[in-house]
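Asker: First the structure, then my questions, so here it is.
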Amino acid sequence: MADRKLKHRSWAVTEGPERAPHRSMFRAMGLNDEDLSRPMIGVASSWNEVTPCNIHLNRLASIVKEGVRAASGTPIEFCTIAVSDAISMGHEGMKGSLVSREVIADSVELVTFAERFDGLVAIAGCDKSLPGMLMGLARLNLPSVFLYGGTIMPGHFADRDVTIQDVFEAVGAYAQKKMTAEALRQLERMACPGPGSCAGMYTANTMASAIEALGMSVPGSANIPAMAEARTEVCINSGKAAMNLLEKGITPRQILTREAFENAITVVVATGGSTNAVLHLLAIAHEAGIPLTIDDFNRITDRTPHIVDLRPGGTYVMVDLDRVGGVPRVMKVLLDAGLLHGDAITVTGKTVKENLNAVPPGNEQDVIRPISKPISPTGTIRILKGNLAPEGGVVKVAGVRNLRLEGPARVFECEEDAMKAILETQIKPGDIVVIRYEGPRGGPGMREMLAVTGALHGEGLGDQVGLMTDGRFSGATHGLMVGHVAPEAAVGGPIAAVQNGDMILIDAQERRLELKVPDDEIKRRLSSWKAPEPRYKTGVLGRYARLVSSASRGAVLQ
């Protein structure tokens with residue numbers, strides 16, 4: 001029999017003669033008196049059949065429930081939505097991806113609020129489902145644990161490991177006749193061999209690593225592959241951890257401190273993580289009431305070396321990181337160098353430093369470099385500002401050869417027009433591609449553009465052209481690609497004033513994004529600018545466009 005004090009919310013639906021109808025509903029689902037006497041722990045997952053990232057989450061949820069029961073809790077499973085970023089990429093459907101983050105947060109909050117759960121375990125796989133879950137947990141502030149679904153294994157093609165990134169880039173190679181149709185078909189069949197999230201340090205693996213660094217998931221859970229036997233123990237431990245947090249009275253806002261967010265940013269920029277981490281960590285911090293700003297990323301990247309050699313800018317994939325000790329090993333190296341806040345509390349009830357005590361010192365392998373021999377002396381995410389991005393733009397410099405490009409603008413009003421020009425070989429070395437009206441409000445939904453950036457790389461232009469957009473990039477993007485440019489075009493940001501042929505400077509070293517046009521000319525152009533008609537006026541996209549804030553604030557809803 002569980003401690004009655006732990007049923008601090010669920011008593012409202014299980015106790016007293018007036019709750020007989022409620023208990024009757026529970027009994028219809030197989031619960032008995034003992035089940036109803038225990039704390040109720042929601043087990044929320046984004047399981048569905050629309051993406052391999054989430055196809056196995058129902059199995060993981062069933063194991064988590066075993067852990068909850070073993071710790072004398074009653075698990076109640078429910079699901080929320082998720083969008084497949086890879087399948088929605090490159091067409092109108094991608095406008096729904098970022099919007100899904102808010103829907104996930106809202107739905108987890110609403111079910112938990114209505115059903116009076118005492119705590120939560122949240123399970124997610126594809127990109128937006130991870131921050132969506134964390135945003136919901138931060139709002140609710142109930143004892144909670146996050147569990148990642150795990151990474152997919154890499155495929156094998158032409159004697160090398162391949163990922164979904166290779167398939168997107170192969171589209172450009174095929175357009176340039178650098179790859180045959182048969183080779184493209186074979187790569188398509190080999191790149192994604194089973195369940196799990198995309199294999200490199202793309203957005204899902206980035207956010208899983210960041211969430212572990214935040215202290216919201218059990219140590220080592222970010223790097224274990226989706227179908228590995230070790231994930232069973234992680235599931236059990238996550239269920240038990242939720243009950244332990246309930247007993248100790250530890251809630252997310254005690255874990256999601258300023259120091260925790262600095263730890264997460266440190267891990268992201270040390271591992272070559274996705275630019276989407278900027279957007280999502282800002283949004284989670286907003287829900288947790290932590291005053292994090294876009295400028296904090298520059299401050300932390302300046303002090304943090306890039307030490308993990310992962311794709312897309314590097315060599316290895318997440319399963320390789322798992323083989324050499326995973327995220328705990330990375331955090332141990334950073335902690336020993338004085339780059340993490342070791343006293344930050346975590347879902348184990350212990351501090352970061354206490355969690356890492358069992359990780360042995362020393363680091364002799366190629367995936368994680370020693371602090372003394374980093375890939376680069378500073379981190380991989382930089383915030384650029386200038387007359388084109390007064391609120392900032394985001395670029396990832398991992399594996400980027402040319403950190404400074406100045407060239408003529410090739411302006412496109414949407415992703416499709418840019419993609420058409422790329423596949424028709426209209427983009428030339430030295431060009432700066434500008435894609436606008438793809439921001440949070442203008443898209444709406446701030447589409448990712450892996451189809452565009454992948455095609456540029458496949459055509460051999462990845463190091464020879466720049467790209468800037470008020471939209472987003474996939475975590476699999478690499479090259480001098482500046483996203484999240486704010487203010488966006490749809491609200492009259494300076495990116496709306498760019499004309500074909502204008503000279504643009506992208507300087508990731510000096511962190512500048514400049515339109516080489518006199519200020520009075522920019523003002524003149526913007527004075528005659530008129531906001532375009534909204535692309536969607538009704539439904540979820542119309543509502544989102546009316547409520548969403550700037551990318552520089554995490555594109556949260558106001």
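As shown in the structure tokens, the chain order sets the letters A, B, ...; within each chain, residues go from 1, and ligands are also counted from 1 in the order they appear.
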Please report, as a Markdown table, each residue of segment 113-171 of chain A lying at most 7 Å from segment 200-223 of chain A, together with the nearest pair of atoms and the separation in Å rounded to one decimal; use only C-alpha atoms, and order rows by chain and ascending residue number.
Answerer:
```
| residue | atom | partner | partner_atom | distance |
| --- | --- | --- | --- | --- |
| A:Gly125 | CA | A:Ala204 | CA | 6.8 |
| A:Cys126 | CA | A:Ala204 | CA | 5.9 |
| A:Asp127 | CA | A:Ala204 | CA | 4.6 |
| A:Leu130 | CA | A:Met207 | CA | 6.7 |
| A:Val145 | CA | A:Ser217 | CA | 5.6 |
| A:Phe146 | CA | A:Ser217 | CA | 5.0 |
| A:Leu147 | CA | A:Ser217 | CA | 6.0 |
| A:Tyr148 | CA | A:Ala222 | CA | 6.1 |
| A:Gly150 | CA | A:Ala222 | CA | 6.6 |
| A:Thr151 | CA | A:Asn205 | CA | 6.9 |
```
Asker: Please produce a file of those selected residues containing N, CA and C atoms, as a PDB file, in the first residue's frame.
Answerer:
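What ended up in part_10.pdb:
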```
ATOM      1  N   GLY A 125      10.273  10.653 -29.547  1.00  0.00           N
ATOM      2  CA  GLY A 125      11.307  10.252 -30.498  1.00  0.00           C
ATOM      3  C   GLY A 125      11.637  11.324 -31.514  1.00  0.00           C
ATOM      4  N   CYS A 126      10.672  11.719 -32.368  1.00  0.00           N
ATOM      5  CA  CYS A 126      10.981  12.651 -33.448  1.00  0.00           C
ATOM      6  C   CYS A 126      11.135  14.077 -32.920  1.00  0.00           C
ATOM      7  N   ASP A 127      11.744  14.927 -33.749  1.00  0.00           N
ATOM      8  CA  ASP A 127      12.330  16.199 -33.322  1.00  0.00           C
ATOM      9  C   ASP A 127      11.476  17.049 -32.393  1.00  0.00           C
ATOM     10  N   LEU A 130      10.256  15.990 -28.573  1.00  0.00           N
ATOM     11  CA  LEU A 130      11.110  16.094 -27.382  1.00  0.00           C
ATOM     12  C   LEU A 130      10.918  17.431 -26.667  1.00  0.00           C
ATOM     13  N   VAL A 145       9.869  12.663 -15.406  1.00  0.00           N
ATOM     14  CA  VAL A 145      11.079  12.162 -16.054  1.00  0.00           C
ATOM     15  C   VAL A 145      10.832  12.129 -17.552  1.00  0.00           C
ATOM     16  N   PHE A 146      11.835  12.507 -18.326  1.00  0.00           N
ATOM     17  CA  PHE A 146      11.758  12.370 -19.782  1.00  0.00           C
ATOM     18  C   PHE A 146      12.550  11.148 -20.215  1.00  0.00           C
ATOM     19  N   LEU A 147      12.002  10.407 -21.179  1.00  0.00           N
ATOM     20  CA  LEU A 147      12.682   9.246 -21.749  1.00  0.00           C
ATOM     21  C   LEU A 147      12.722   9.373 -23.264  1.00  0.00           C
ATOM     22  N   TYR A 148      13.901   9.302 -23.830  1.00  0.00           N
ATOM     23  CA  TYR A 148      14.095   9.356 -25.276  1.00  0.00           C
ATOM     24  C   TYR A 148      13.867   7.979 -25.875  1.00  0.00           C
ATOM     25  N   GLY A 150      15.365   6.817 -28.496  1.00  0.00           N
ATOM     26  CA  GLY A 150      16.643   6.257 -28.926  1.00  0.00           C
ATOM     27  C   GLY A 150      16.926   6.437 -30.399  1.00  0.00           C
ATOM     28  N   THR A 151      18.185   6.350 -30.735  1.00  0.00           N
ATOM     29  CA  THR A 151      18.652   6.572 -32.101  1.00  0.00           C
ATOM     30  C   THR A 151      18.484   5.338 -32.975  1.00  0.00           C
TER      31      THR A 151
END
```
Asker: Got a sec: who's within 6 Å of segment 73-85 of chain A, counting only C-alpha atoms, leaving out chain neighbours fewer than 5 positions off, as a VMD selection string?
Answerer: chain A and resid 35 38 to 46 51 65 68 97 129
Asker: I need the residue nearest Ala277 of chain A from this list: A:Gly149, A:Gly475, A:Gly454, A:Gly399. Use only C-alpha atoms for the distance.
Answerer: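 Ranking A:Gly149, A:Gly475, A:Gly454, A:Gly399 by distance to Ala277 of chain A, first place goes to A:Gly475.
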Asker: Sorted by chain and rising residue number, list the residues of segment 343-405 of chain A at most 10 Å from segment 318-326 of chain A (counting only C-alpha atoms), each with its closest atom pair and distance in Å to one decimal, as a Markdown table.
Answerer:
```
| residue | atom | partner | partner_atom | distance |
| --- | --- | --- | --- | --- |
| A:Val359 | CA | A:Gly325 | CA | 8.3 |
| A:Pro360 | CA | A:Gly325 | CA | 9.6 |
| A:Asn363 | CA | A:Val324 | CA | 9.0 |
| A:Glu364 | CA | A:Val324 | CA | 9.4 |
| A:Gln365 | CA | A:Val324 | CA | 7.7 |
| A:Asp366 | CA | A:Val324 | CA | 9.2 |
| A:Val367 | CA | A:Leu321 | CA | 6.4 |
| A:Ile368 | CA | A:Leu321 | CA | 7.7 |
```
Asker: Can you spit out the residues from that selection as a CSV table (one decimal), in the first residue's frame, using N, CA, C and O atoms?
Answerer:
```
chain,number,residue,atom,x,y,z
A,359,VAL,N,31.7,7.5,-13.8
A,359,VAL,CA,32.3,7.5,-15.1
A,359,VAL,C,33.8,7.6,-14.9
A,359,VAL,O,34.3,8.6,-14.3
A,360,PRO,N,34.6,6.7,-15.5
A,360,PRO,CA,36.0,6.7,-15.2
A,360,PRO,C,36.7,7.9,-15.9
A,360,PRO,O,36.2,8.4,-17.0
A,363,ASN,N,40.3,9.6,-21.5
A,363,ASN,CA,39.5,9.7,-22.7
A,363,ASN,C,40.4,9.5,-23.9
A,363,ASN,O,40.9,10.4,-24.5
A,364,GLU,N,40.6,8.2,-24.3
A,364,GLU,CA,41.5,7.9,-25.4
A,364,GLU,C,40.8,7.2,-26.5
A,364,GLU,O,40.7,6.0,-26.6
A,365,GLN,N,40.1,8.0,-27.3
A,365,GLN,CA,39.4,7.4,-28.6
A,365,GLN,C,39.1,8.6,-29.5
A,365,GLN,O,39.5,9.8,-29.1
A,366,ASP,N,38.6,8.3,-30.7
A,366,ASP,CA,38.5,9.4,-31.7
A,366,ASP,C,37.1,10.1,-31.6
A,366,ASP,O,37.0,11.2,-32.2
A,367,VAL,N,36.1,9.5,-31.1
A,367,VAL,CA,34.8,10.1,-31.1
A,367,VAL,C,34.7,11.4,-30.2
A,367,VAL,O,34.3,12.4,-30.7
A,368,ILE,N,35.2,11.2,-29.0
A,368,ILE,CA,35.2,12.3,-28.1
A,368,ILE,C,36.7,12.7,-27.9
A,368,ILE,O,37.5,12.0,-27.4
```
Asker: Can you tell me how far atom CA of Glu415 of chain A sits from atom CA of Ile104 of chain A, in Å to one decimal?
Answerer: 25.8 Å
Asker: Find the residue from A:Thr346, A:Thr271, A:Asn387, A:Thr380 that sits nearest to Leu513 of chain A; use only C-alpha atoms when measuring.
Answerer: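 Among the listed residues, A:Asn387 lies closest to Leu513 of chain A.
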Asker: DSSP on the backbone: what in segment 162-361 of chain A comes out alpha helix (DSSP H), as an NGL selection string?
Answerer: :A and (164-175 or 181-190 or 203-214 or 230-248 or 252-255 or 258-271 or 276-288 or 295-303 or 318-323 or 326-336 or 352-356)
